[in-house]
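Enquirer: Got structure-v5.cif for you, mmCIF, N, CA and C atoms:
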```
data_my_file
loop_
_atom_site.label_atom_id
_atom_site.label_comp_id
_atom_site.auth_asym_id
_atom_site.auth_seq_id
_atom_site.Cartn_x
_atom_site.Cartn_y
_atom_site.Cartn_z
N MET A 1 69.94 -93.75 -28.46
CA MET A 1 69.89 -92.44 -27.86
C MET A 1 69.52 -92.57 -26.39
N ASN A 2 70.30 -91.99 -25.53
CA ASN A 2 70.02 -92.03 -24.10
C ASN A 2 69.08 -90.90 -23.72
N GLU A 3 68.05 -91.25 -22.96
CA GLU A 3 67.12 -90.23 -22.49
C GLU A 3 67.62 -89.65 -21.18
N VAL A 4 67.40 -88.37 -21.02
CA VAL A 4 67.77 -87.70 -19.78
C VAL A 4 66.69 -88.00 -18.75
N LEU A 5 67.13 -88.40 -17.56
CA LEU A 5 66.18 -88.70 -16.50
C LEU A 5 65.92 -87.47 -15.66
N GLY A 6 64.68 -87.34 -15.22
CA GLY A 6 64.30 -86.22 -14.37
C GLY A 6 64.51 -86.54 -12.91
N ILE A 7 64.02 -85.66 -12.07
CA ILE A 7 64.23 -85.76 -10.63
C ILE A 7 63.53 -86.97 -10.01
N ALA A 8 62.50 -87.49 -10.68
CA ALA A 8 61.80 -88.69 -10.19
C ALA A 8 62.38 -89.95 -10.83
N ASP A 9 63.56 -89.82 -11.43
CA ASP A 9 64.26 -90.94 -12.07
C ASP A 9 63.49 -91.51 -13.26
N GLN A 10 62.73 -90.66 -13.92
CA GLN A 10 61.95 -91.05 -15.10
C GLN A 10 62.40 -90.19 -16.28
N PRO A 11 62.24 -90.69 -17.51
CA PRO A 11 62.62 -89.88 -18.67
C PRO A 11 61.87 -88.56 -18.70
N ARG A 12 62.58 -87.50 -19.07
CA ARG A 12 61.95 -86.18 -19.19
C ARG A 12 61.30 -86.09 -20.56
N ARG A 13 60.01 -86.28 -20.60
CA ARG A 13 59.24 -86.17 -21.83
C ARG A 13 58.10 -85.20 -21.58
N HIS A 14 57.71 -84.50 -22.61
CA HIS A 14 56.60 -83.57 -22.46
C HIS A 14 55.29 -84.36 -22.33
N GLY A 15 54.42 -83.89 -21.44
CA GLY A 15 53.12 -84.53 -21.25
C GLY A 15 53.18 -85.64 -20.22
N ALA A 16 51.99 -86.17 -19.92
CA ALA A 16 51.89 -87.28 -18.97
C ALA A 16 52.25 -88.58 -19.68
N CYS A 17 53.07 -89.40 -19.03
CA CYS A 17 53.53 -90.66 -19.64
C CYS A 17 53.20 -91.83 -18.72
N ILE A 18 52.52 -92.82 -19.27
CA ILE A 18 52.15 -94.00 -18.50
C ILE A 18 53.35 -94.93 -18.38
N THR A 19 53.59 -95.42 -17.16
CA THR A 19 54.67 -96.36 -16.90
C THR A 19 54.07 -97.56 -16.15
N PRO A 20 54.83 -98.62 -15.98
CA PRO A 20 54.32 -99.75 -15.20
C PRO A 20 54.03 -99.38 -13.74
N ASN A 21 54.64 -98.29 -13.25
CA ASN A 21 54.47 -97.90 -11.84
C ASN A 21 53.47 -96.76 -11.63
N GLY A 22 52.80 -96.33 -12.69
CA GLY A 22 51.86 -95.22 -12.59
C GLY A 22 52.03 -94.27 -13.75
N VAL A 23 51.83 -92.99 -13.49
CA VAL A 23 51.95 -91.96 -14.54
C VAL A 23 52.99 -90.93 -14.11
N VAL A 24 53.88 -90.60 -15.04
CA VAL A 24 54.89 -89.58 -14.80
C VAL A 24 54.36 -88.27 -15.39
N PHE A 25 54.37 -87.23 -14.57
CA PHE A 25 53.95 -85.90 -14.99
C PHE A 25 55.19 -85.02 -15.07
N ASN A 26 55.35 -84.32 -16.20
CA ASN A 26 56.51 -83.47 -16.44
C ASN A 26 56.05 -82.08 -16.83
N LEU A 27 56.76 -81.08 -16.36
CA LEU A 27 56.50 -79.71 -16.80
C LEU A 27 57.81 -78.96 -16.78
N TRP A 28 58.18 -78.35 -17.90
CA TRP A 28 59.37 -77.53 -17.95
C TRP A 28 58.94 -76.10 -17.65
N ALA A 29 59.33 -75.58 -16.51
CA ALA A 29 58.97 -74.23 -16.07
C ALA A 29 60.16 -73.65 -15.31
N PRO A 30 61.22 -73.29 -16.03
CA PRO A 30 62.47 -72.89 -15.37
C PRO A 30 62.36 -71.66 -14.48
N THR A 31 61.41 -70.76 -14.75
CA THR A 31 61.31 -69.55 -13.94
C THR A 31 60.28 -69.67 -12.81
N ALA A 32 59.57 -70.79 -12.77
CA ALA A 32 58.57 -70.96 -11.70
C ALA A 32 59.25 -71.24 -10.37
N ARG A 33 58.68 -70.69 -9.31
CA ARG A 33 59.20 -70.95 -7.96
C ARG A 33 58.67 -72.28 -7.42
N SER A 34 57.45 -72.65 -7.83
CA SER A 34 56.87 -73.91 -7.38
C SER A 34 55.82 -74.39 -8.38
N VAL A 35 55.64 -75.70 -8.44
CA VAL A 35 54.61 -76.32 -9.28
C VAL A 35 53.98 -77.44 -8.48
N GLU A 36 52.65 -77.47 -8.50
CA GLU A 36 51.90 -78.56 -7.86
C GLU A 36 51.08 -79.27 -8.91
N LEU A 37 50.97 -80.59 -8.75
CA LEU A 37 50.11 -81.40 -9.59
C LEU A 37 48.73 -81.44 -8.93
N LEU A 38 47.71 -81.04 -9.68
CA LEU A 38 46.34 -81.08 -9.17
C LEU A 38 45.59 -82.17 -9.93
N LYS A 39 45.32 -83.27 -9.22
CA LYS A 39 44.53 -84.34 -9.82
C LYS A 39 43.12 -84.22 -9.26
N ARG A 40 42.14 -84.33 -10.14
CA ARG A 40 40.75 -84.19 -9.72
C ARG A 40 40.44 -85.17 -8.59
N GLY A 41 39.92 -84.61 -7.48
CA GLY A 41 39.53 -85.43 -6.34
C GLY A 41 40.67 -85.83 -5.43
N GLN A 42 41.87 -85.28 -5.64
CA GLN A 42 43.04 -85.64 -4.84
C GLN A 42 43.64 -84.39 -4.19
N VAL A 43 44.45 -84.60 -3.19
CA VAL A 43 45.18 -83.52 -2.53
C VAL A 43 46.28 -83.03 -3.47
N PRO A 44 46.51 -81.71 -3.56
CA PRO A 44 47.60 -81.20 -4.42
C PRO A 44 48.94 -81.83 -4.04
N ARG A 45 49.76 -82.07 -5.03
CA ARG A 45 51.06 -82.72 -4.81
C ARG A 45 52.16 -81.81 -5.34
N ARG A 46 53.05 -81.39 -4.46
CA ARG A 46 54.17 -80.53 -4.86
C ARG A 46 55.14 -81.34 -5.73
N MET A 47 55.57 -80.75 -6.84
CA MET A 47 56.48 -81.42 -7.76
C MET A 47 57.90 -80.89 -7.55
N PRO A 48 58.87 -81.77 -7.38
CA PRO A 48 60.26 -81.30 -7.24
C PRO A 48 60.81 -80.82 -8.59
N LYS A 49 61.78 -79.90 -8.50
CA LYS A 49 62.38 -79.29 -9.68
C LYS A 49 63.85 -79.68 -9.77
N ASP A 50 64.32 -79.98 -11.01
CA ASP A 50 65.74 -80.27 -11.18
C ASP A 50 66.49 -79.01 -11.62
N ALA A 51 67.78 -79.12 -11.80
CA ALA A 51 68.64 -77.97 -12.11
C ALA A 51 68.33 -77.36 -13.48
N ASP A 52 67.70 -78.13 -14.38
CA ASP A 52 67.39 -77.63 -15.72
C ASP A 52 65.99 -77.02 -15.82
N GLY A 53 65.27 -76.94 -14.69
CA GLY A 53 63.96 -76.31 -14.70
C GLY A 53 62.80 -77.25 -14.96
N TRP A 54 63.06 -78.55 -14.95
CA TRP A 54 62.00 -79.54 -15.16
C TRP A 54 61.39 -79.93 -13.81
N TYR A 55 60.08 -79.89 -13.73
CA TYR A 55 59.35 -80.41 -12.58
C TYR A 55 58.84 -81.78 -13.00
N GLN A 56 58.98 -82.76 -12.10
CA GLN A 56 58.58 -84.12 -12.44
C GLN A 56 58.12 -84.85 -11.19
N THR A 57 57.06 -85.63 -11.35
CA THR A 57 56.61 -86.50 -10.27
C THR A 57 56.00 -87.76 -10.86
N LEU A 58 56.14 -88.84 -10.14
CA LEU A 58 55.54 -90.12 -10.52
C LEU A 58 54.38 -90.37 -9.58
N SER A 59 53.19 -90.54 -10.13
CA SER A 59 51.99 -90.80 -9.32
C SER A 59 51.55 -92.24 -9.51
N ALA A 60 51.57 -93.00 -8.43
CA ALA A 60 51.13 -94.40 -8.48
C ALA A 60 49.61 -94.51 -8.56
N THR A 61 48.89 -93.44 -8.21
CA THR A 61 47.42 -93.50 -8.22
C THR A 61 46.81 -92.98 -9.52
N ALA A 62 47.60 -92.32 -10.36
CA ALA A 62 47.09 -91.82 -11.64
C ALA A 62 47.00 -92.97 -12.64
N HIS A 63 46.09 -92.84 -13.59
CA HIS A 63 45.84 -93.89 -14.58
C HIS A 63 45.19 -93.26 -15.80
N VAL A 64 44.93 -94.06 -16.82
CA VAL A 64 44.22 -93.56 -18.00
C VAL A 64 42.89 -92.98 -17.52
N GLY A 65 42.59 -91.77 -17.98
CA GLY A 65 41.36 -91.11 -17.59
C GLY A 65 41.51 -90.11 -16.45
N THR A 66 42.66 -90.11 -15.77
CA THR A 66 42.88 -89.15 -14.68
C THR A 66 42.89 -87.74 -15.26
N ARG A 67 42.12 -86.84 -14.66
CA ARG A 67 42.10 -85.43 -15.05
C ARG A 67 43.08 -84.68 -14.15
N TYR A 68 43.87 -83.78 -14.75
CA TYR A 68 44.90 -83.08 -13.97
C TYR A 68 45.20 -81.70 -14.53
N GLN A 69 45.76 -80.87 -13.67
CA GLN A 69 46.25 -79.54 -14.03
C GLN A 69 47.49 -79.27 -13.20
N PHE A 70 48.16 -78.17 -13.49
CA PHE A 70 49.30 -77.73 -12.71
C PHE A 70 48.97 -76.39 -12.06
N ARG A 71 49.44 -76.20 -10.81
CA ARG A 71 49.34 -74.90 -10.15
C ARG A 71 50.75 -74.36 -10.04
N ILE A 72 50.97 -73.21 -10.67
CA ILE A 72 52.29 -72.60 -10.73
C ILE A 72 52.34 -71.43 -9.75
N ASN A 73 53.39 -71.42 -8.94
CA ASN A 73 53.63 -70.35 -7.95
C ASN A 73 52.45 -70.14 -7.01
N GLY A 74 51.71 -71.18 -6.75
CA GLY A 74 50.63 -71.12 -5.77
C GLY A 74 49.34 -70.49 -6.22
N ASP A 75 49.28 -69.93 -7.45
CA ASP A 75 48.03 -69.29 -7.84
C ASP A 75 47.59 -69.53 -9.28
N LEU A 76 48.49 -69.68 -10.22
CA LEU A 76 48.12 -69.85 -11.62
C LEU A 76 47.85 -71.33 -11.91
N ILE A 77 46.60 -71.66 -12.23
CA ILE A 77 46.22 -73.04 -12.54
C ILE A 77 46.08 -73.17 -14.05
N VAL A 78 46.85 -74.11 -14.61
CA VAL A 78 46.88 -74.30 -16.06
C VAL A 78 46.77 -75.78 -16.40
N PRO A 79 46.20 -76.09 -17.58
CA PRO A 79 46.26 -77.47 -18.05
C PRO A 79 47.68 -77.79 -18.50
N ASP A 80 47.96 -79.02 -18.77
CA ASP A 80 49.28 -79.43 -19.26
C ASP A 80 49.48 -78.85 -20.66
N PRO A 81 50.50 -78.02 -20.87
CA PRO A 81 50.71 -77.46 -22.21
C PRO A 81 51.11 -78.52 -23.23
N ALA A 82 51.50 -79.69 -22.79
CA ALA A 82 51.86 -80.78 -23.70
C ALA A 82 50.85 -81.92 -23.62
N SER A 83 49.64 -81.60 -23.20
CA SER A 83 48.60 -82.61 -23.06
C SER A 83 48.27 -83.26 -24.39
N ARG A 84 47.95 -84.52 -24.36
CA ARG A 84 47.53 -85.22 -25.56
C ARG A 84 46.01 -85.27 -25.68
N PHE A 85 45.30 -84.80 -24.63
CA PHE A 85 43.84 -84.81 -24.68
C PHE A 85 43.27 -83.75 -23.74
N GLN A 86 42.46 -82.89 -24.28
CA GLN A 86 41.74 -81.86 -23.54
C GLN A 86 40.25 -82.13 -23.76
N PRO A 87 39.61 -82.98 -22.96
CA PRO A 87 38.24 -83.40 -23.26
C PRO A 87 37.19 -82.30 -23.15
N ASP A 88 37.41 -81.30 -22.32
CA ASP A 88 36.39 -80.27 -22.14
C ASP A 88 36.68 -78.99 -22.91
N ASP A 89 37.86 -78.44 -22.76
CA ASP A 89 38.24 -77.22 -23.46
C ASP A 89 39.72 -76.96 -23.18
N VAL A 90 40.31 -76.02 -23.87
CA VAL A 90 41.75 -75.79 -23.73
C VAL A 90 42.15 -75.25 -22.37
N GLY A 91 41.24 -74.62 -21.64
CA GLY A 91 41.56 -74.10 -20.32
C GLY A 91 41.16 -75.01 -19.18
N GLU A 92 40.57 -76.14 -19.50
CA GLU A 92 40.09 -77.09 -18.50
C GLU A 92 41.15 -78.17 -18.24
N PRO A 93 40.91 -79.05 -17.25
CA PRO A 93 41.91 -80.08 -16.95
C PRO A 93 42.24 -80.99 -18.14
N SER A 94 43.49 -81.40 -18.18
CA SER A 94 43.95 -82.36 -19.17
C SER A 94 43.54 -83.76 -18.72
N GLU A 95 43.64 -84.73 -19.62
CA GLU A 95 43.31 -86.11 -19.26
C GLU A 95 44.43 -87.03 -19.74
N VAL A 96 44.81 -87.96 -18.88
CA VAL A 96 45.84 -88.94 -19.22
C VAL A 96 45.26 -89.92 -20.25
N VAL A 97 45.99 -90.14 -21.33
CA VAL A 97 45.60 -91.12 -22.35
C VAL A 97 46.76 -92.07 -22.60
N ASP A 98 46.42 -93.27 -23.02
CA ASP A 98 47.42 -94.27 -23.37
C ASP A 98 47.63 -94.22 -24.87
N THR A 99 48.68 -93.53 -25.31
CA THR A 99 48.90 -93.38 -26.74
C THR A 99 49.21 -94.71 -27.43
N ALA A 100 49.75 -95.66 -26.70
CA ALA A 100 50.03 -96.98 -27.29
C ALA A 100 48.73 -97.66 -27.71
N ALA A 101 47.63 -97.42 -26.99
CA ALA A 101 46.36 -98.04 -27.32
C ALA A 101 45.74 -97.43 -28.58
N LEU A 102 46.23 -96.26 -29.00
CA LEU A 102 45.70 -95.60 -30.19
C LEU A 102 46.35 -96.08 -31.48
N ARG A 103 47.44 -96.80 -31.37
CA ARG A 103 48.16 -97.26 -32.55
C ARG A 103 47.48 -98.50 -33.14
N ASP A 104 47.51 -98.59 -34.47
CA ASP A 104 46.97 -99.78 -35.14
C ASP A 104 47.90 -100.96 -34.90
N PRO A 105 47.34 -102.15 -34.68
CA PRO A 105 48.20 -103.31 -34.46
C PRO A 105 48.98 -103.73 -35.70
N VAL A 106 48.46 -103.38 -36.89
CA VAL A 106 49.14 -103.72 -38.13
C VAL A 106 49.58 -102.42 -38.79
N LEU A 107 50.86 -102.31 -39.09
CA LEU A 107 51.40 -101.11 -39.70
C LEU A 107 50.92 -100.98 -41.13
N PHE A 108 50.36 -99.82 -41.48
CA PHE A 108 49.95 -99.54 -42.85
C PHE A 108 51.12 -98.91 -43.58
N VAL A 109 51.61 -99.56 -44.62
CA VAL A 109 52.79 -99.08 -45.32
C VAL A 109 52.45 -98.17 -46.49
N GLY A 110 51.19 -98.09 -46.87
CA GLY A 110 50.79 -97.22 -47.97
C GLY A 110 50.90 -97.92 -49.32
N ARG A 111 50.71 -97.14 -50.38
CA ARG A 111 50.77 -97.67 -51.75
C ARG A 111 52.20 -97.59 -52.26
N PRO A 112 52.59 -98.48 -53.17
CA PRO A 112 53.90 -98.34 -53.80
C PRO A 112 53.94 -97.06 -54.65
N TRP A 113 55.09 -96.39 -54.73
CA TRP A 113 55.19 -95.14 -55.48
C TRP A 113 54.72 -95.26 -56.92
N PRO A 114 54.99 -96.34 -57.64
CA PRO A 114 54.52 -96.41 -59.03
C PRO A 114 52.99 -96.36 -59.15
N GLU A 115 52.27 -96.68 -58.08
CA GLU A 115 50.81 -96.64 -58.11
C GLU A 115 50.25 -95.34 -57.56
N ALA A 116 51.11 -94.46 -57.09
CA ALA A 116 50.65 -93.23 -56.44
C ALA A 116 50.17 -92.21 -57.47
N VAL A 117 49.15 -91.46 -57.10
CA VAL A 117 48.65 -90.34 -57.90
C VAL A 117 48.63 -89.13 -56.99
N ILE A 118 49.28 -88.08 -57.42
CA ILE A 118 49.30 -86.84 -56.64
C ILE A 118 48.42 -85.84 -57.36
N TYR A 119 47.42 -85.35 -56.67
CA TYR A 119 46.47 -84.42 -57.24
C TYR A 119 46.38 -83.21 -56.34
N GLU A 120 46.53 -82.05 -56.91
CA GLU A 120 46.47 -80.82 -56.12
C GLU A 120 45.27 -80.00 -56.57
N LEU A 121 44.45 -79.63 -55.62
CA LEU A 121 43.27 -78.83 -55.91
C LEU A 121 43.24 -77.64 -54.97
N HIS A 122 43.09 -76.47 -55.51
CA HIS A 122 42.96 -75.27 -54.70
C HIS A 122 41.48 -74.93 -54.64
N ALA A 123 40.86 -75.25 -53.52
CA ALA A 123 39.42 -75.09 -53.37
C ALA A 123 38.98 -73.64 -53.59
N ALA A 124 39.77 -72.69 -53.19
CA ALA A 124 39.38 -71.29 -53.34
C ALA A 124 39.24 -70.90 -54.81
N LEU A 125 39.98 -71.54 -55.68
CA LEU A 125 39.92 -71.20 -57.10
C LEU A 125 38.66 -71.71 -57.77
N SER A 126 37.93 -72.61 -57.14
CA SER A 126 36.70 -73.11 -57.74
C SER A 126 35.48 -72.33 -57.27
N HIS A 127 35.69 -71.32 -56.49
CA HIS A 127 34.58 -70.52 -55.97
C HIS A 127 34.13 -69.51 -57.03
N PRO A 128 32.81 -69.37 -57.24
CA PRO A 128 32.32 -68.48 -58.31
C PRO A 128 32.65 -67.00 -58.09
N LYS A 129 32.98 -66.60 -56.87
CA LYS A 129 33.27 -65.18 -56.61
C LYS A 129 34.75 -64.84 -56.75
N VAL A 130 35.57 -65.82 -57.13
CA VAL A 130 36.99 -65.55 -57.32
C VAL A 130 37.14 -64.84 -58.67
N PRO A 131 37.66 -63.59 -58.67
CA PRO A 131 37.73 -62.80 -59.91
C PRO A 131 38.47 -63.50 -61.05
N MET A 132 39.54 -64.20 -60.76
CA MET A 132 40.30 -64.84 -61.83
C MET A 132 39.45 -65.84 -62.59
N LEU A 133 38.68 -66.65 -61.86
CA LEU A 133 37.83 -67.64 -62.52
C LEU A 133 36.64 -66.99 -63.20
N ALA A 134 36.10 -65.98 -62.58
CA ALA A 134 34.95 -65.28 -63.19
C ALA A 134 35.36 -64.72 -64.54
N SER A 135 36.56 -64.14 -64.63
CA SER A 135 37.00 -63.58 -65.90
C SER A 135 37.30 -64.67 -66.91
N ARG A 136 37.77 -65.82 -66.47
CA ARG A 136 38.05 -66.93 -67.38
C ARG A 136 36.76 -67.48 -67.98
N LYS A 137 35.70 -67.53 -67.18
CA LYS A 137 34.43 -68.07 -67.66
C LYS A 137 33.79 -67.12 -68.66
N SER A 138 33.99 -65.82 -68.52
CA SER A 138 33.35 -64.86 -69.40
C SER A 138 34.15 -64.61 -70.69
N SER A 139 35.41 -64.93 -70.68
CA SER A 139 36.21 -64.67 -71.90
C SER A 139 36.23 -65.91 -72.77
N PRO A 140 36.26 -65.70 -74.08
CA PRO A 140 36.30 -66.86 -74.99
C PRO A 140 37.64 -67.56 -74.89
N THR A 141 37.65 -68.82 -75.19
CA THR A 141 38.87 -69.61 -75.10
C THR A 141 39.67 -69.53 -76.37
#
```
Would it be possible to restate this file's structure as structure tokens?
Expert:
Amino acid sequence: MNEVLGIADQPRRHGACITPNGVVFNLWAPTARSVELLKRGQVPRRMPKDADGWYQTLSATAHVGTRYQFRINGDLIVPDPASRFQPDDVGEPSEVVDTAALRDPVLFVGRPWPEAVIYELHAALSHPKVPMLASRKSSPT
């Protein structure tokens, strides 16, 4: 499958993506007039927009742990809607993470199907205030 490249010649993927040359920041905002990348402690960086409404920039200074937000149309500051990590809160800056570092080095394949046991429990039905169970306990079997 061929990936579509954005205006910074990087694949258009949601969220911040680490590359050998830095971090690619993407935001799909087709109706926005302008988008700036706001990295904590850095000067705002205007992001170019392609014909499909994707804003994209490659930052050579961003790295794992960089906190960032987007400023849309010069006034609305938002975290990355496709962020993989919001360390403080949903309205606070996003943080770049290396998702490859989160993967286990050995793939867990699970149990073979013949050894599998499927058990379904509805926790609400075990509550003493559930009328259906209360009536079952009081009626003879």
Enquirer: Could the residues of range 51-71 of chain A that have an atom at most 6.5 Å from range 26-47 of chain A be listed as CSV, each with its closest atom pair and the distance in Å to one decimal, counting only N, CA and C atoms and ordered by chain and ascending residue number?
Expert:
```
residue,atom,partner,partner_atom,distance
A:Asp52,C,A:Pro30,CA,5.4
A:Gly53,CA,A:Pro30,CA,3.8
A:Trp54,CA,A:Trp28,CA,4.3
A:Tyr55,N,A:Leu27,C,3.9
A:Gln56,CA,A:Asn26,CA,4.6
A:Thr57,N,A:Asn26,N,5.3
A:Thr66,C,A:Arg40,N,6.2
A:Arg67,C,A:Arg40,N,4.1
A:Tyr68,CA,A:Leu38,C,4.2
A:Gln69,C,A:Leu38,N,3.9
A:Phe70,CA,A:Glu36,C,4.5
A:Arg71,C,A:Glu36,N,4.0
```
Enquirer: If I take atom C of Phe108 in chain A and CA of Ile18 in chain A, how far is one from the other in Å, to one decimal?
Expert: 25.6 Å
Enquirer: Measure the distance from CA of Pro93 in chain A to CA of Pro79 in chain A in Å and round it to one decimal.
Expert: 5.2 Å
Enquirer: Write out as a PyMOL selection string all residues of range 10-109 of chain A that backbone DSSP assigns to strand (DSSP E or B).
Expert: chain A and resi 11+17-19+22-28+35-39+45-46+49+54-59+67-72+76-78+94-95
Enquirer: Report the distance between CA of His14 in chain A and CA of Val106 in chain A in Å, rounded to one decimal place.
Expert: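 The value is 26.6 Å.
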Enquirer: Any idea what's packed within 5 Å of Ser59 in chain A, counting only N, CA and C atoms, ignoring anything in its chain fewer than 4 positions away? Could you give it as a tab-separated table (two decimals) with N, CA and C atoms, in the coordinates of the input?
Expert:
```
chain	number	residue	atom	x	y	z
A	22	GLY	N	52.80	-96.33	-12.69
A	22	GLY	CA	51.86	-95.22	-12.59
A	22	GLY	C	52.03	-94.27	-13.75
A	23	VAL	N	51.83	-92.99	-13.49
A	23	VAL	CA	51.95	-91.96	-14.54
A	23	VAL	C	52.99	-90.93	-14.11
A	24	VAL	N	53.88	-90.60	-15.04
A	24	VAL	CA	54.89	-89.58	-14.80
A	24	VAL	C	54.36	-88.27	-15.39
```
Enquirer: In range 53-137 of chain A, what's alpha helix (DSSP H) per DSSP? Answer as a PyMOL selection string?
Expert: chain A and resi 131-137
Enquirer: How big is the axis-aligned box around all listed atoms of range 2-14 of chain A once 3 Å goes on each side, and where's its centre, in Å to one decimal, as JSON?
Expert:
```
{"center_x": 62.8, "center_y": -87.8, "center_z": -17.8, "size_x": 21.0, "size_y": 14.5, "size_z": 21.5}
```
Enquirer: May I have the protein, DNA and RNA residues with an atom at most 10 Å from (49.6, -92.4, -17.6), counting only C-alpha atoms in the file's coordinates, returned as a PDB file with N, CA and C atoms, keeping the file's coordinate frame?
Expert:
```
ATOM      1  N   GLY A  15      54.420 -83.890 -21.440  1.00  0.00           N
ATOM      2  CA  GLY A  15      53.120 -84.530 -21.250  1.00  0.00           C
ATOM      3  C   GLY A  15      53.180 -85.640 -20.220  1.00  0.00           C
ATOM      4  N   ALA A  16      51.990 -86.170 -19.920  1.00  0.00           N
ATOM      5  CA  ALA A  16      51.890 -87.280 -18.970  1.00  0.00           C
ATOM      6  C   ALA A  16      52.250 -88.580 -19.680  1.00  0.00           C
ATOM      7  N   CYS A  17      53.070 -89.400 -19.030  1.00  0.00           N
ATOM      8  CA  CYS A  17      53.530 -90.660 -19.640  1.00  0.00           C
ATOM      9  C   CYS A  17      53.200 -91.830 -18.720  1.00  0.00           C
ATOM     10  N   ILE A  18      52.520 -92.820 -19.270  1.00  0.00           N
ATOM     11  CA  ILE A  18      52.150 -94.000 -18.500  1.00  0.00           C
ATOM     12  C   ILE A  18      53.350 -94.930 -18.380  1.00  0.00           C
ATOM     13  N   THR A  19      53.590 -95.420 -17.160  1.00  0.00           N
ATOM     14  CA  THR A  19      54.670 -96.360 -16.900  1.00  0.00           C
ATOM     15  C   THR A  19      54.070 -97.560 -16.150  1.00  0.00           C
ATOM     16  N   PRO A  20      54.830 -98.620 -15.980  1.00  0.00           N
ATOM     17  CA  PRO A  20      54.320 -99.750 -15.200  1.00  0.00           C
ATOM     18  C   PRO A  20      54.030 -99.380 -13.740  1.00  0.00           C
ATOM     19  N   ASN A  21      54.640 -98.290 -13.250  1.00  0.00           N
ATOM     20  CA  ASN A  21      54.470 -97.900 -11.840  1.00  0.00           C
ATOM     21  C   ASN A  21      53.470 -96.760 -11.630  1.00  0.00           C
ATOM     22  N   GLY A  22      52.800 -96.330 -12.690  1.00  0.00           N
ATOM     23  CA  GLY A  22      51.860 -95.220 -12.590  1.00  0.00           C
ATOM     24  C   GLY A  22      52.030 -94.270 -13.750  1.00  0.00           C
ATOM     25  N   VAL A  23      51.830 -92.990 -13.490  1.00  0.00           N
ATOM     26  CA  VAL A  23      51.950 -91.960 -14.540  1.00  0.00           C
ATOM     27  C   VAL A  23      52.990 -90.930 -14.110  1.00  0.00           C
ATOM     28  N   VAL A  24      53.880 -90.600 -15.040  1.00  0.00           N
ATOM     29  CA  VAL A  24      54.890 -89.580 -14.800  1.00  0.00           C
ATOM     30  C   VAL A  24      54.360 -88.270 -15.390  1.00  0.00           C
ATOM     31  N   PHE A  25      54.370 -87.230 -14.570  1.00  0.00           N
ATOM     32  CA  PHE A  25      53.950 -85.900 -14.990  1.00  0.00           C
ATOM     33  C   PHE A  25      55.190 -85.020 -15.070  1.00  0.00           C
ATOM     34  N   LEU A  58      56.140 -88.840 -10.140  1.00  0.00           N
ATOM     35  CA  LEU A  58      55.540 -90.120 -10.520  1.00  0.00           C
ATOM     36  C   LEU A  58      54.380 -90.370  -9.580  1.00  0.00           C
ATOM     37  N   SER A  59      53.190 -90.540 -10.130  1.00  0.00           N
ATOM     38  CA  SER A  59      51.990 -90.800  -9.320  1.00  0.00           C
ATOM     39  C   SER A  59      51.550 -92.240  -9.510  1.00  0.00           C
ATOM     40  N   ALA A  60      51.570 -93.000  -8.430  1.00  0.00           N
ATOM     41  CA  ALA A  60      51.130 -94.400  -8.480  1.00  0.00           C
ATOM     42  C   ALA A  60      49.610 -94.510  -8.560  1.00  0.00           C
ATOM     43  N   THR A  61      48.890 -93.440  -8.210  1.00  0.00           N
ATOM     44  CA  THR A  61      47.420 -93.500  -8.220  1.00  0.00           C
ATOM     45  C   THR A  61      46.810 -92.980  -9.520  1.00  0.00           C
ATOM     46  N   ALA A  62      47.600 -92.320 -10.360  1.00  0.00           N
ATOM     47  CA  ALA A  62      47.090 -91.820 -11.640  1.00  0.00           C
ATOM     48  C   ALA A  62      47.000 -92.970 -12.640  1.00  0.00           C
ATOM     49  N   HIS A  63      46.090 -92.840 -13.590  1.00  0.00           N
ATOM     50  CA  HIS A  63      45.840 -93.890 -14.580  1.00  0.00           C
ATOM     51  C   HIS A  63      45.190 -93.260 -15.800  1.00  0.00           C
ATOM     52  N   VAL A  64      44.930 -94.060 -16.820  1.00  0.00           N
ATOM     53  CA  VAL A  64      44.220 -93.560 -18.000  1.00  0.00           C
ATOM     54  C   VAL A  64      42.890 -92.980 -17.520  1.00  0.00           C
ATOM     55  N   GLY A  65      42.590 -91.770 -17.980  1.00  0.00           N
ATOM     56  CA  GLY A  65      41.360 -91.110 -17.590  1.00  0.00           C
ATOM     57  C   GLY A  65      41.510 -90.110 -16.450  1.00  0.00           C
ATOM     58  N   THR A  66      42.660 -90.110 -15.770  1.00  0.00           N
ATOM     59  CA  THR A  66      42.880 -89.150 -14.680  1.00  0.00           C
ATOM     60  C   THR A  66      42.890 -87.740 -15.260  1.00  0.00           C
ATOM     61  N   GLU A  95      43.640 -84.730 -19.620  1.00  0.00           N
ATOM     62  CA  GLU A  95      43.310 -86.110 -19.260  1.00  0.00           C
ATOM     63  C   GLU A  95      44.430 -87.030 -19.740  1.00  0.00           C
ATOM     64  N   VAL A  96      44.810 -87.960 -18.880  1.00  0.00           N
ATOM     65  CA  VAL A  96      45.840 -88.940 -19.220  1.00  0.00           C
ATOM     66  C   VAL A  96      45.260 -89.920 -20.250  1.00  0.00           C
ATOM     67  N   VAL A  97      45.990 -90.140 -21.330  1.00  0.00           N
ATOM     68  CA  VAL A  97      45.600 -91.120 -22.350  1.00  0.00           C
ATOM     69  C   VAL A  97      46.760 -92.070 -22.600  1.00  0.00           C
ATOM     70  N   ASP A  98      46.420 -93.270 -23.020  1.00  0.00           N
ATOM     71  CA  ASP A  98      47.420 -94.270 -23.370  1.00  0.00           C
ATOM     72  C   ASP A  98      47.630 -94.220 -24.870  1.00  0.00           C
ATOM     73  N   THR A  99      48.680 -93.530 -25.310  1.00  0.00           N
ATOM     74  CA  THR A  99      48.900 -93.380 -26.740  1.00  0.00           C
ATOM     75  C   THR A  99      49.210 -94.710 -27.430  1.00  0.00           C
TER      76      THR A  99
END
```
